[in-house]
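Trainee: This is the structure, below, for whatever I ask next.
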Amino acid sequence: MENIVCNGCSLLCDDVSAEMSGKSVNSLGLCRLGHAHLETAVTHKVGSYEKELEKAADILVNADSLLLYGWTHATDESIKEGLALASSLGGHFASTVDFGAMQVMSHNIHSNGLDIDLEYVRNNGEFIIYWGSDPSESLHRHPSRFAVLPRGEKIPEGIESRTIGVIDVRQTETMKMANHRLILPPGSDAELLDIIISELEGKSLIKDKVLGIPGSELVGFVRGLQKSDCTVIFYGSGMINSGNQEANLSGIAKLLEVLRSSGKEAYSLPMFVQSNTMGVVKTLSKEKTRINSLQRIISGDYDTTLIVGDDVLANLPGPAAKALAKTKIVYIGPPGGLTDKRATASVHTLDTISAGTGTMTRVDMREIKFKKWKASKDVGTTTDIILKLHELVRKKKA
Amino acid sequence: MAFATKLALGDISPDDCPPLLESGFEKNLEKIRNMVAPMLSAEATGIKLDESKCTGCNNCVVVCPVDVAAEPPTSEGKAAMSKDTVFRVENGISKIINLEKCRRFPPDKLNCRVCEQYCCTDAIEIW
């Protein structure tokens, strides 16, 4: 068994190992999602790509209006090379994170970036709240590696030293571990936050039942917040994609402020799922000009699209996917998926878990370096391909 | 009552009850056999692990007190790598690799249920 880094989700687990056994692969520590990803990745074959790369360069050089898109599964190095390529081609560099993660990270709740990382949560997090996020479904190891079960410096007894709260619009599997389970009507997160803040400020509003939640349960939750020396709120798509993002994030920011004003530590961290969402966010945050890519895709502003790493045709909202499918698509990434199938030119690369090189940025902004192992090959990484494509583009434009 | 307790602990089977084997009690015998059938597939500890429900979240590995003693890094949330733990996640699914080390294993039979308590998908059940 050799140590590897998994890119099955944004946790980028680096305490896991794997070995090839004939054509199949065995793993230790990887969750079901990670192992399934690894099993698929090791079957990818990267053949000769020169012809397709030439074709791709021709398409890109002749584009009238070019979009370079995807990137949430590409390494930080690939993203950097992609930006350079966009600059050479005069194309727009954008990503699916534009209309979710990017807005969240631009909100004043994270005006100074993220205050803490997941290791800090493991060592200090006393009251852990999953709000509109369900790690049992998408980030399987989040509770066991960082937030709920492990022991830490100030958390000597692990789960026994923590309090867990789960707030969602439905019964979730994560609720099984929780001390406080609050089920609220869809769209009422901001209202609940206001009520909690009022209770904390001593302007008690909580009576028999609030938003369908028994008053005693809600009061118990607020008492938990008051007792905790370090509260961490992990908010997810339920908060971000409920159509009320601004009010929800402002509500969390205010709650943190109120808790901090009473001398307690309080933080919030996002629960993005795609493996390198934060790598894209980090890169795009440094860009001076940003575009509303989704709006422009739907408006049919582009005639050509270079898509790297993501199966965007399968994941974008319908109107955007339809508009994108009408453009000339060049795809660079692991084989398979709708985008690869629909592309005019496809250059297949190794998945980063097999390539074992490069860096991705974990959901808490910590950079994680991939590790080489037996399945790793020195050719066919996405970064290599983008570099070669850039070289071809330069020659063709000269 | 003593018979029921022994039955629940898996020490005896319904067929060990002579009156149930007498004619006229066939239906009752069948009913009790069906009732205890899931227990027969349970391990000596009474732990049943349904692999189809397991997501490999490692909760059982990290929360098990025996695992923490056998491989201390698991207490900090690390995946189990040695062959000494009770649970280890292999190929994306939790496996019981040292059942005899479980605190529920005879003769101690401690009433520890933490793995079941923190298994979010109910893949672990204790009978």
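How things are named: the first chain in the structure tokens is A, the next is B, and so on; residues count from 1 in each chain; ligands count from 1 in the order shown.
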Residues of chain A within 6 Å of chain B, counting only C-alpha atoms - could you list those as a VMD selection string?

Mentor: chain A and resid 26 to 32 35 140 to 141 144 to 145 150 to 151 173 to 174 176 to 177

Trainee: Quick one: pick out all strand (DSSP E) residues within chain B from a backbone DSSP run and write them as a PyMOL selection string.

Mentor: chain B and resi 47-49+87-90+93-96+124-126

Trainee: With N, CA and C atoms retained, export the selected residues as a PDB file, in the first residue's frame.

Mentor:
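Ended up saving to result-v6.pdb:
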ATOM      1  N   ILE B  47     -23.016  -7.578  16.554  1.00  0.00           N
ATOM      2  CA  ILE B  47     -22.884  -6.476  15.589  1.00  0.00           C
ATOM      3  C   ILE B  47     -23.170  -6.998  14.184  1.00  0.00           C
ATOM      4  N   LYS B  48     -24.073  -6.292  13.514  1.00  0.00           N
ATOM      5  CA  LYS B  48     -24.331  -6.615  12.099  1.00  0.00           C
ATOM      6  C   LYS B  48     -23.904  -5.420  11.274  1.00  0.00           C
ATOM      7  N   LEU B  49     -23.081  -5.659  10.264  1.00  0.00           N
ATOM      8  CA  LEU B  49     -22.636  -4.551   9.417  1.00  0.00           C
ATOM      9  C   LEU B  49     -23.182  -4.774   8.003  1.00  0.00           C
ATOM     10  N   PHE B  87     -12.309  -2.038  13.453  1.00  0.00           N
ATOM     11  CA  PHE B  87     -12.840  -1.610  12.149  1.00  0.00           C
ATOM     12  C   PHE B  87     -11.707  -1.083  11.276  1.00  0.00           C
ATOM     13  N   ARG B  88     -11.827  -1.297   9.979  1.00  0.00           N
ATOM     14  CA  ARG B  88     -10.919  -0.665   9.020  1.00  0.00           C
ATOM     15  C   ARG B  88     -11.701  -0.486   7.724  1.00  0.00           C
ATOM     16  N   VAL B  89     -11.569   0.688   7.101  1.00  0.00           N
ATOM     17  CA  VAL B  89     -12.311   0.924   5.859  1.00  0.00           C
ATOM     18  C   VAL B  89     -11.474   0.445   4.677  1.00  0.00           C
ATOM     19  N   GLU B  90     -11.970  -0.593   4.022  1.00  0.00           N
ATOM     20  CA  GLU B  90     -11.266  -1.172   2.874  1.00  0.00           C
ATOM     21  C   GLU B  90     -12.131  -1.024   1.632  1.00  0.00           C
ATOM     22  N   ILE B  93     -15.512   0.636   2.074  1.00  0.00           N
ATOM     23  CA  ILE B  93     -16.534   0.075   2.969  1.00  0.00           C
ATOM     24  C   ILE B  93     -15.885  -0.376   4.274  1.00  0.00           C
ATOM     25  N   SER B  94     -16.559  -0.123   5.382  1.00  0.00           N
ATOM     26  CA  SER B  94     -16.017  -0.531   6.674  1.00  0.00           C
ATOM     27  C   SER B  94     -16.075  -2.056   6.828  1.00  0.00           C
ATOM     28  N   LYS B  95     -14.996  -2.620   7.356  1.00  0.00           N
ATOM     29  CA  LYS B  95     -14.948  -4.071   7.617  1.00  0.00           C
ATOM     30  C   LYS B  95     -14.585  -4.277   9.082  1.00  0.00           C
ATOM     31  N   ILE B  96     -15.130  -5.346   9.655  1.00  0.00           N
ATOM     32  CA  ILE B  96     -14.706  -5.732  11.007  1.00  0.00           C
ATOM     33  C   ILE B  96     -13.562  -6.713  10.821  1.00  0.00           C
ATOM     34  N   ILE B 124     -24.528  -0.132  10.712  1.00  0.00           N
ATOM     35  CA  ILE B 124     -24.179  -0.972  11.865  1.00  0.00           C
ATOM     36  C   ILE B 124     -25.392  -1.068  12.779  1.00  0.00           C
ATOM     37  N   GLU B 125     -25.755  -2.301  13.068  1.00  0.00           N
ATOM     38  CA  GLU B 125     -26.849  -2.525  14.021  1.00  0.00           C
ATOM     39  C   GLU B 125     -26.378  -3.537  15.040  1.00  0.00           C
ATOM     40  N   ILE B 126     -26.773  -3.338  16.269  1.00  0.00           N
ATOM     41  CA  ILE B 126     -26.403  -4.301  17.309  1.00  0.00           C
ATOM     42  C   ILE B 126     -27.650  -4.999  17.804  1.00  0.00           C
TER      43      ILE B 126
END

Trainee: Can you list every residue in segment 102-316 of chain A that DSSP puts in alpha helix (DSSP H), as a VMD selection string?

Mentor: chain A and resid 102 to 106 118 to 124 135 to 138 142 189 to 200 215 to 227 237 to 240 245 to 261 277 to 286 293 to 298 312 to 315

Trainee: Excluding Lys109 of chain B and residues on its chain fewer than 2 positions from it, collect all residues at most 12 Å away from it, counting only C-alpha atoms, and give them as a compact mmCIF listing (two decimals) with N, CA and C atoms, in the first residue's frame.

Mentor:
# COMPACT_ATOMS: atom_id res chain seq x y z
N LEU B 9 -29.47 -13.48 23.89
CA LEU B 9 -28.00 -13.42 23.90
C LEU B 9 -27.39 -14.34 22.85
N ALA B 44 -20.58 -12.78 16.83
CA ALA B 44 -20.61 -13.15 18.25
C ALA B 44 -20.89 -11.96 19.15
N THR B 45 -20.61 -10.78 18.64
CA THR B 45 -20.82 -9.56 19.43
C THR B 45 -22.23 -9.02 19.27
N GLY B 46 -22.97 -9.58 18.35
CA GLY B 46 -24.31 -9.05 18.06
C GLY B 46 -24.25 -7.92 17.04
N ILE B 47 -23.02 -7.58 16.55
CA ILE B 47 -22.88 -6.48 15.59
C ILE B 47 -23.17 -7.00 14.18
N GLU B 100 -12.76 -10.28 17.59
CA GLU B 100 -12.46 -10.74 18.95
C GLU B 100 -11.93 -9.61 19.84
N LYS B 101 -11.53 -8.50 19.23
CA LYS B 101 -11.05 -7.37 20.04
C LYS B 101 -12.17 -6.45 20.49
N CYS B 102 -13.36 -6.61 19.90
CA CYS B 102 -14.52 -5.78 20.23
C CYS B 102 -14.88 -5.96 21.71
N ARG B 103 -15.24 -4.86 22.35
CA ARG B 103 -15.56 -4.93 23.78
C ARG B 103 -16.81 -5.76 24.06
N ARG B 104 -17.59 -6.02 23.02
CA ARG B 104 -18.81 -6.82 23.19
C ARG B 104 -18.53 -8.32 23.09
N PHE B 105 -17.30 -8.66 22.68
CA PHE B 105 -16.98 -10.06 22.42
C PHE B 105 -16.93 -10.85 23.73
N PRO B 106 -17.46 -12.09 23.75
CA PRO B 106 -17.39 -12.91 24.96
C PRO B 106 -15.92 -13.14 25.36
N PRO B 107 -15.58 -13.29 26.62
CA PRO B 107 -16.52 -13.41 27.73
C PRO B 107 -16.95 -12.05 28.33
N ASN B 111 -21.48 -3.69 27.28
CA ASN B 111 -22.60 -3.15 26.51
C ASN B 111 -22.19 -1.86 25.79
N CYS B 112 -21.15 -1.96 24.97
CA CYS B 112 -20.66 -0.79 24.21
C CYS B 112 -21.43 -0.75 22.89
N ARG B 113 -21.94 0.42 22.51
CA ARG B 113 -22.70 0.54 21.26
C ARG B 113 -22.29 1.79 20.48

Trainee: May I have the residues within 6 Å of segment 377-391 of chain A as a list in words, using only C-alpha atoms and disregarding those fewer than 4 positions away in the same chain?

Mentor: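 That gives Ser78, Leu85, Thr349, Leu350 and Ala355 of chain A.
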
Trainee: Mind giving me the straight-line distance from atom CA of Ser87 of chain A to atom CA of Ile332 of chain A in Å, one decimal?

Mentor: 17.9 Å

Trainee: Write out as a ChimeraX atom specification the residues lying within 9 Å of Ala343 of chain A, counting only C-alpha atoms and excluding same-chain residues fewer than 3 positions away.

Mentor: /A:325,328-331,338-340,346

Trainee: Since we have the selection now, will you write its residues out, keeping N, CA and C atoms, as a CSV table (one decimal), in the first residue's frame?

Mentor:
chain,number,residue,atom,x,y,z
A,325,ALA,N,-23.8,23.8,-25.4
A,325,ALA,CA,-23.7,22.7,-26.4
A,325,ALA,C,-23.8,23.2,-27.8
A,328,LYS,N,-18.7,25.5,-30.3
A,328,LYS,CA,-17.7,24.5,-30.7
A,328,LYS,C,-16.9,24.2,-29.4
A,329,ILE,N,-17.0,22.9,-29.0
A,329,ILE,CA,-16.4,22.6,-27.7
A,329,ILE,C,-15.0,21.8,-27.8
A,330,VAL,N,-14.0,22.3,-27.1
A,330,VAL,CA,-12.8,21.6,-27.0
A,330,VAL,C,-12.7,21.1,-25.5
A,331,TYR,N,-12.5,19.8,-25.3
A,331,TYR,CA,-12.5,19.3,-24.0
A,331,TYR,C,-11.2,18.7,-23.6
A,338,LEU,N,-20.8,13.5,-20.7
A,338,LEU,CA,-21.5,14.2,-21.8
A,338,LEU,C,-20.7,15.2,-22.6
A,339,THR,N,-19.9,16.0,-21.8
A,339,THR,CA,-19.1,17.1,-22.4
A,339,THR,C,-18.0,16.5,-23.4
A,340,ASP,N,-17.4,15.4,-22.9
A,340,ASP,CA,-16.4,14.7,-23.7
A,340,ASP,C,-17.0,14.2,-25.0
A,346,SER,N,-11.4,16.4,-28.4
A,346,SER,CA,-11.2,15.9,-27.0
A,346,SER,C,-9.8,15.4,-26.7

Trainee: Quick one: residues within 6 Å of segment 305-310 of chain A, only C-alpha atoms counted, chain neighbours fewer than 2 positions away excluded, as JSON, numbers by chain?

Mentor: {"A": [66, 67, 68, 69, 70, 71, 73, 74, 312, 329, 330, 331, 332, 333]}

Trainee: Convert the current residue selection to file output with N, CA and C atoms, as a compact mmCIF listing (two decimals), in the first residue's frame.

Mentor:
# COMPACT_ATOMS: atom_id res chain seq x y z
N LEU A 66 -14.29 33.41 -27.30
CA LEU A 66 -13.89 32.17 -26.61
C LEU A 66 -14.10 32.24 -25.10
N LEU A 67 -14.61 31.12 -24.57
CA LEU A 67 -14.77 30.99 -23.12
C LEU A 67 -13.91 29.81 -22.66
N LEU A 68 -13.11 30.01 -21.64
CA LEU A 68 -12.34 28.90 -21.04
C LEU A 68 -13.04 28.56 -19.73
N TYR A 69 -13.59 27.34 -19.63
CA TYR A 69 -14.58 27.06 -18.59
C TYR A 69 -14.31 25.74 -17.86
N GLY A 70 -14.92 25.57 -16.70
CA GLY A 70 -14.80 24.32 -15.92
C GLY A 70 -13.90 24.56 -14.73
N TRP A 71 -12.78 23.83 -14.66
CA TRP A 71 -11.66 24.02 -13.75
C TRP A 71 -11.84 23.50 -12.33
N HIS A 73 -12.16 20.65 -11.16
CA HIS A 73 -11.45 19.39 -10.90
C HIS A 73 -10.01 19.45 -11.39
N ALA A 74 -9.59 20.63 -11.81
CA ALA A 74 -8.21 20.78 -12.29
C ALA A 74 -7.32 21.22 -11.13
N VAL A 312 -19.38 19.82 -17.62
CA VAL A 312 -20.32 20.92 -17.40
C VAL A 312 -21.67 20.72 -18.09
N ILE A 329 -16.97 22.90 -28.95
CA ILE A 329 -16.36 22.56 -27.66
C ILE A 329 -15.02 21.83 -27.83
N VAL A 330 -14.04 22.32 -27.10
CA VAL A 330 -12.78 21.60 -26.97
C VAL A 330 -12.74 21.12 -25.52
N TYR A 331 -12.54 19.82 -25.32
CA TYR A 331 -12.53 19.28 -23.96
C TYR A 331 -11.15 18.74 -23.60
N ILE A 332 -10.67 19.12 -22.44
CA ILE A 332 -9.43 18.55 -21.91
C ILE A 332 -9.74 17.99 -20.53
N GLY A 333 -9.52 16.70 -20.35
CA GLY A 333 -9.81 16.10 -19.04
C GLY A 333 -9.91 14.60 -19.14

Trainee: Report as a list of chain:residue names all protein, DNA and RNA residues lying within 10 Å of segment 101-103 of chain A, evaluated on only C-alpha atoms, omitting residues in the same chain fewer than 4 positions from it.

Mentor: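 Non-adjacent residues within range: A:Ser95, A:Thr96, A:Val97, A:His107, A:Ser237, A:Ile240, A:Gln245, A:Glu246, A:Pro270, A:Met271, A:Phe272, A:Thr277, A:Met278, A:Val280, A:Val281, A:Lys282, A:Leu284, A:Ser285.
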
Trainee: From the options A:Ile116, A:Ala94, A:Leu249, A:Val363, which residue's atoms come nearest to Ile297 of chain A, counting only C-alpha atoms?

Mentor: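 Looking at the shortest contact to Ile297 of chain A, the residue is A:Ala94.
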
Trainee: Figure out the distance between atom CA of Glu137 of chain A and atom CA of His348 of chain A, please, to one decimal in Å.

Mentor: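 Computed distance, atom CA of His348 of chain A to atom CA of Glu137 of chain A, equals 29.3 Å.
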
Trainee: Of the candidates A:Val210, A:Glu153, A:Asn7, A:Ser242, which one gets nearest to Glu191 of chain A if we count only C-alpha atoms?

Mentor: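 For Glu191 of chain A, the nearest of the candidates is A:Val210.
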